[in-house]
$ cat target_20.pdb   # PDB, C-alpha atoms, pLDDT in the B column
ATOM      1  CA  MET A   4       0.000   0.000   0.000  1.00 65.00           C
ATOM      2  CA  ASN A   5       1.473   3.329  -0.947  1.00 71.00           C
ATOM      3  CA  ARG A   6       0.944   6.736   0.591  1.00 74.00           C
ATOM      4  CA  THR A   7      -1.713   8.044  -1.805  1.00 79.00           C
ATOM      5  CA  VAL A   8      -3.879   4.947  -1.419  1.00 80.00           C
ATOM      6  CA  ALA A   9      -3.638   5.126   2.361  1.00 77.00           C
ATOM      7  CA  LEU A  10      -4.504   8.831   2.440  1.00 79.00           C
ATOM      8  CA  ARG A  11      -7.448   8.308   0.098  1.00 83.00           C
ATOM      9  CA  ALA A  12      -8.742   5.482   2.286  1.00 80.00           C
ATOM     10  CA  PHE A  13      -8.222   7.638   5.384  1.00 80.00           C
ATOM     11  CA  PHE A  14     -10.393  10.416   3.980  1.00 84.00           C
ATOM     12  CA  ILE A  15     -13.096   7.965   2.887  1.00 83.00           C
ATOM     13  CA  PHE A  16     -13.199   6.331   6.325  1.00 79.00           C
ATOM     14  CA  THR A  17     -13.227   9.778   7.950  1.00 81.00           C
ATOM     15  CA  LEU A  18     -16.289  10.763   5.923  1.00 83.00           C
ATOM     16  CA  LEU A  19     -18.059   7.498   6.727  1.00 78.00           C
ATOM     17  CA  THR A  20     -17.201   7.840  10.404  1.00 78.00           C
ATOM     18  CA  SER A  21     -18.531  11.399  10.472  1.00 80.00           C
ATOM     19  CA  PHE A  22     -21.755  10.256   8.829  1.00 79.00           C
ATOM     20  CA  ALA A  23     -22.134   7.439  11.358  1.00 74.00           C
ATOM     21  CA  ALA A  24     -21.485   9.847  14.239  1.00 76.00           C
ATOM     22  CA  VAL A  25     -24.092  12.329  13.025  1.00 80.00           C
ATOM     23  CA  THR A  26     -26.618   9.536  12.505  1.00 76.00           C
ATOM     24  CA  GLY A  27     -25.887   8.107  15.945  1.00 74.00           C
ATOM     25  CA  PHE A  28     -26.292  11.441  17.703  1.00 74.00           C
ATOM     26  CA  ALA A  29     -29.479  12.311  15.833  1.00 78.00           C
ATOM     27  CA  ALA A  30     -31.282   8.959  16.075  1.00 75.00           C
ATOM     28  CA  GLN A  31     -29.533   7.490  19.118  1.00 75.00           C
ATOM     29  CA  VAL A  32     -29.146   4.148  17.371  1.00 74.00           C
ATOM     30  CA  GLU A  33     -26.739   1.580  18.805  1.00 78.00           C
ATOM     31  CA  ILE A  34     -25.493   0.362  15.409  1.00 77.00           C
ATOM     32  CA  ALA A  35     -24.353   3.889  14.498  1.00 73.00           C
ATOM     33  CA  GLU A  36     -22.104   3.909  17.550  1.00 76.00           C
ATOM     34  CA  VAL A  37     -20.584   0.597  16.458  1.00 79.00           C
ATOM     35  CA  LEU A  38     -20.043   1.942  12.919  1.00 76.00           C
ATOM     36  CA  PHE A  39     -18.441   5.034  14.404  1.00 77.00           C
ATOM     37  CA  LEU A  40     -15.978   2.932  16.401  1.00 81.00           C
ATOM     38  CA  ILE A  41     -15.160   0.689  13.434  1.00 82.00           C
ATOM     39  CA  GLY A  42     -14.704   3.659  11.111  1.00 78.00           C
ATOM     40  CA  GLY A  43     -12.533   5.458  13.650  1.00 79.00           C
ATOM     41  CA  SER A  44     -10.328   2.412  14.057  1.00 84.00           C
ATOM     42  CA  LEU A  45      -9.934   2.002  10.311  1.00 81.00           C
ATOM     43  CA  SER A  46      -9.196   5.714   9.902  1.00 79.00           C
ATOM     44  CA  ALA A  47      -6.442   5.505  12.501  1.00 83.00           C
ATOM     45  CA  LEU A  48      -5.019   2.429  10.794  1.00 82.00           C
ATOM     46  CA  MET A  49      -4.990   4.087   7.362  1.00 78.00           C
ATOM     47  CA  LEU A  50      -3.393   7.215   8.818  1.00 80.00           C
ATOM     48  CA  PHE A  51      -0.697   5.023  10.371  1.00 85.00           C
ATOM     49  CA  PHE A  52      -0.067   3.366   6.984  1.00 79.00           C
ATOM     50  CA  ALA A  53       0.089   6.757   5.268  1.00 76.00           C
ATOM     51  CA  LEU A  54       2.601   8.139   7.737  1.00 79.00           C
ATOM     52  CA  SER A  55       4.762   5.024   7.839  1.00 80.00           C
ATOM     53  CA  ALA A  56       5.012   4.561   4.055  1.00 69.00           C
ATOM     54  CA  SER A  57       8.188   5.896   2.557  1.00 71.00           C
ATOM     55  CA  ALA A  58       7.975   8.645  -0.014  1.00 67.00           C
ATOM     56  CA  PRO A  59       9.127   7.675  -3.489  1.00 71.00           C
ATOM     57  CA  ALA A  60      12.659   8.875  -4.175  1.00 75.00           C
ATOM     58  CA  PRO A  61      13.969   9.664  -7.640  1.00 79.00           C
ATOM     59  CA  VAL A  62      16.310   7.077  -9.107  1.00 81.00           C
ATOM     60  CA  PRO A  63      19.588   8.518 -10.390  1.00 83.00           C
ATOM     61  CA  VAL A  64      20.105   7.715 -14.061  1.00 83.00           C
ATOM     62  CA  ARG A  65      23.309   8.324 -15.970  1.00 84.00           C
ATOM     63  CA  VAL A  66      22.693  10.151 -19.244  1.00 83.00           C
ATOM     64  CA  ARG A  67      25.267   9.992 -22.001  1.00 82.00           C
ATOM     65  CA  SER A  68      25.654  12.995 -24.231  1.00 80.00           C
ATOM     66  CA  ARG A  69      25.373  12.494 -27.968  1.00 74.00           C
ATOM     67  CA  ARG A  70      27.974  13.898 -30.295  1.00 65.00           C
TER
END
$ encode --input "target_20.pdb" --output "structure tokens"
Amino acid sequence: MNRTVALRAFFIFTLLTSFAAVTGFAAQVEIAEVLFLIGGSLSALMLFFALSASAPAPVPVRVRSRR
């Protein structure tokens, strides 16, 4: 998993977690609280993957000049 995939997944899980939190507070449904906890855990995991992934480094290439 690279950094962009992990960040994209983090933002998706953050949106889903926010939606579950709003639904849980408005309707006081037990399943929304469970979805909030699952989404929060997955968001933290994806953020950990995004921060621990190494950034791609350029590869040095030798270029020969034409004459």
$ residues_around --input "target_20.pdb" --residues "Pro59 of chain A" --least-positions-apart "2" --cutoff "12 Å" --atoms "only C-alpha atoms" --output "PyMOL selection string"
chain A and resi 5-7+56-57+61-62
$ atom_distance --input "target_20.pdb" --atom1 "atom CA of Ala53 of chain A" --atom2 "atom CA of Leu38 of chain A"
22.1 Å
$ residues_near_point --input "target_20.pdb" --point "(-21.7, 4.7, 9.5)" --cutoff "12 Å" --atoms "only C-alpha atoms" --output "PyMOL selection string"
chain A and resi 15-28+32-43
$ closest_residue --input "target_20.pdb" --among "A:Ser68, A:Ser55, A:Ser44, A:Gln31" --to "Phe13 of chain A" --atoms "all atoms listed in the file"
A:Ser44
$ atom_distance --input "target_20.pdb" --atom1 "atom CA of Ala60 of chain A" --atom2 "atom CA of Ser46 of chain A"
26.2 Å
$ atom_distance --input "target_20.pdb" --atom1 "atom CA of Arg11 of chain A" --atom2 "atom CA of Ala29 of chain A"
27.4 Å
$ axis_aligned_box --input "target_20.pdb" --around "segment 4-11 of chain A" --padding-each-side "8 Å" --output "lines of an AutoDock Vina configuration file"
center_x = -3.0
center_y = 4.4
center_z = 0.3
size_x = 24.9
size_y = 24.8
size_z = 20.2
$ decode --input "target_20.pdb" --residues "chain A" --atoms "C-alpha atoms" --output "PDB file, in the first residue's frame"
ATOM      1  CA  MET A   4       0.000   0.000   0.000  1.00  0.00           C
ATOM      2  CA  ASN A   5       1.473   3.329  -0.947  1.00  0.00           C
ATOM      3  CA  ARG A   6       0.944   6.736   0.591  1.00  0.00           C
ATOM      4  CA  THR A   7      -1.713   8.044  -1.805  1.00  0.00           C
ATOM      5  CA  VAL A   8      -3.879   4.947  -1.419  1.00  0.00           C
ATOM      6  CA  ALA A   9      -3.638   5.126   2.361  1.00  0.00           C
ATOM      7  CA  LEU A  10      -4.504   8.831   2.440  1.00  0.00           C
ATOM      8  CA  ARG A  11      -7.448   8.308   0.098  1.00  0.00           C
ATOM      9  CA  ALA A  12      -8.742   5.482   2.286  1.00  0.00           C
ATOM     10  CA  PHE A  13      -8.222   7.638   5.384  1.00  0.00           C
ATOM     11  CA  PHE A  14     -10.393  10.416   3.980  1.00  0.00           C
ATOM     12  CA  ILE A  15     -13.096   7.965   2.887  1.00  0.00           C
ATOM     13  CA  PHE A  16     -13.199   6.331   6.325  1.00  0.00           C
ATOM     14  CA  THR A  17     -13.227   9.778   7.950  1.00  0.00           C
ATOM     15  CA  LEU A  18     -16.289  10.763   5.923  1.00  0.00           C
ATOM     16  CA  LEU A  19     -18.059   7.498   6.727  1.00  0.00           C
ATOM     17  CA  THR A  20     -17.201   7.840  10.404  1.00  0.00           C
ATOM     18  CA  SER A  21     -18.531  11.399  10.472  1.00  0.00           C
ATOM     19  CA  PHE A  22     -21.755  10.256   8.829  1.00  0.00           C
ATOM     20  CA  ALA A  23     -22.134   7.439  11.358  1.00  0.00           C
ATOM     21  CA  ALA A  24     -21.485   9.847  14.239  1.00  0.00           C
ATOM     22  CA  VAL A  25     -24.092  12.329  13.025  1.00  0.00           C
ATOM     23  CA  THR A  26     -26.618   9.536  12.505  1.00  0.00           C
ATOM     24  CA  GLY A  27     -25.887   8.107  15.945  1.00  0.00           C
ATOM     25  CA  PHE A  28     -26.292  11.441  17.703  1.00  0.00           C
ATOM     26  CA  ALA A  29     -29.479  12.311  15.833  1.00  0.00           C
ATOM     27  CA  ALA A  30     -31.282   8.959  16.075  1.00  0.00           C
ATOM     28  CA  GLN A  31     -29.533   7.490  19.118  1.00  0.00           C
ATOM     29  CA  VAL A  32     -29.146   4.148  17.371  1.00  0.00           C
ATOM     30  CA  GLU A  33     -26.739   1.580  18.805  1.00  0.00           C
ATOM     31  CA  ILE A  34     -25.493   0.362  15.409  1.00  0.00           C
ATOM     32  CA  ALA A  35     -24.353   3.889  14.498  1.00  0.00           C
ATOM     33  CA  GLU A  36     -22.104   3.909  17.550  1.00  0.00           C
ATOM     34  CA  VAL A  37     -20.584   0.597  16.458  1.00  0.00           C
ATOM     35  CA  LEU A  38     -20.043   1.942  12.919  1.00  0.00           C
ATOM     36  CA  PHE A  39     -18.441   5.034  14.404  1.00  0.00           C
ATOM     37  CA  LEU A  40     -15.978   2.932  16.401  1.00  0.00           C
ATOM     38  CA  ILE A  41     -15.160   0.689  13.434  1.00  0.00           C
ATOM     39  CA  GLY A  42     -14.704   3.659  11.111  1.00  0.00           C
ATOM     40  CA  GLY A  43     -12.533   5.458  13.650  1.00  0.00           C
ATOM     41  CA  SER A  44     -10.328   2.412  14.057  1.00  0.00           C
ATOM     42  CA  LEU A  45      -9.934   2.002  10.311  1.00  0.00           C
ATOM     43  CA  SER A  46      -9.196   5.714   9.902  1.00  0.00           C
ATOM     44  CA  ALA A  47      -6.442   5.505  12.501  1.00  0.00           C
ATOM     45  CA  LEU A  48      -5.019   2.429  10.794  1.00  0.00           C
ATOM     46  CA  MET A  49      -4.990   4.087   7.362  1.00  0.00           C
ATOM     47  CA  LEU A  50      -3.393   7.215   8.818  1.00  0.00           C
ATOM     48  CA  PHE A  51      -0.697   5.023  10.371  1.00  0.00           C
ATOM     49  CA  PHE A  52      -0.067   3.366   6.984  1.00  0.00           C
ATOM     50  CA  ALA A  53       0.089   6.757   5.268  1.00  0.00           C
ATOM     51  CA  LEU A  54       2.601   8.139   7.737  1.00  0.00           C
ATOM     52  CA  SER A  55       4.762   5.024   7.839  1.00  0.00           C
ATOM     53  CA  ALA A  56       5.012   4.561   4.055  1.00  0.00           C
ATOM     54  CA  SER A  57       8.188   5.896   2.557  1.00  0.00           C
ATOM     55  CA  ALA A  58       7.975   8.645  -0.014  1.00  0.00           C
ATOM     56  CA  PRO A  59       9.127   7.675  -3.489  1.00  0.00           C
ATOM     57  CA  ALA A  60      12.659   8.875  -4.175  1.00  0.00           C
ATOM     58  CA  PRO A  61      13.969   9.664  -7.640  1.00  0.00           C
ATOM     59  CA  VAL A  62      16.310   7.077  -9.107  1.00  0.00           C
ATOM     60  CA  PRO A  63      19.588   8.518 -10.390  1.00  0.00           C
ATOM     61  CA  VAL A  64      20.105   7.715 -14.061  1.00  0.00           C
ATOM     62  CA  ARG A  65      23.309   8.324 -15.970  1.00  0.00           C
ATOM     63  CA  VAL A  66      22.693  10.151 -19.244  1.00  0.00           C
ATOM     64  CA  ARG A  67      25.267   9.992 -22.001  1.00  0.00           C
ATOM     65  CA  SER A  68      25.654  12.995 -24.231  1.00  0.00           C
ATOM     66  CA  ARG A  69      25.373  12.494 -27.968  1.00  0.00           C
ATOM     67  CA  ARG A  70      27.974  13.898 -30.295  1.00  0.00           C
TER      68      ARG A  70
END
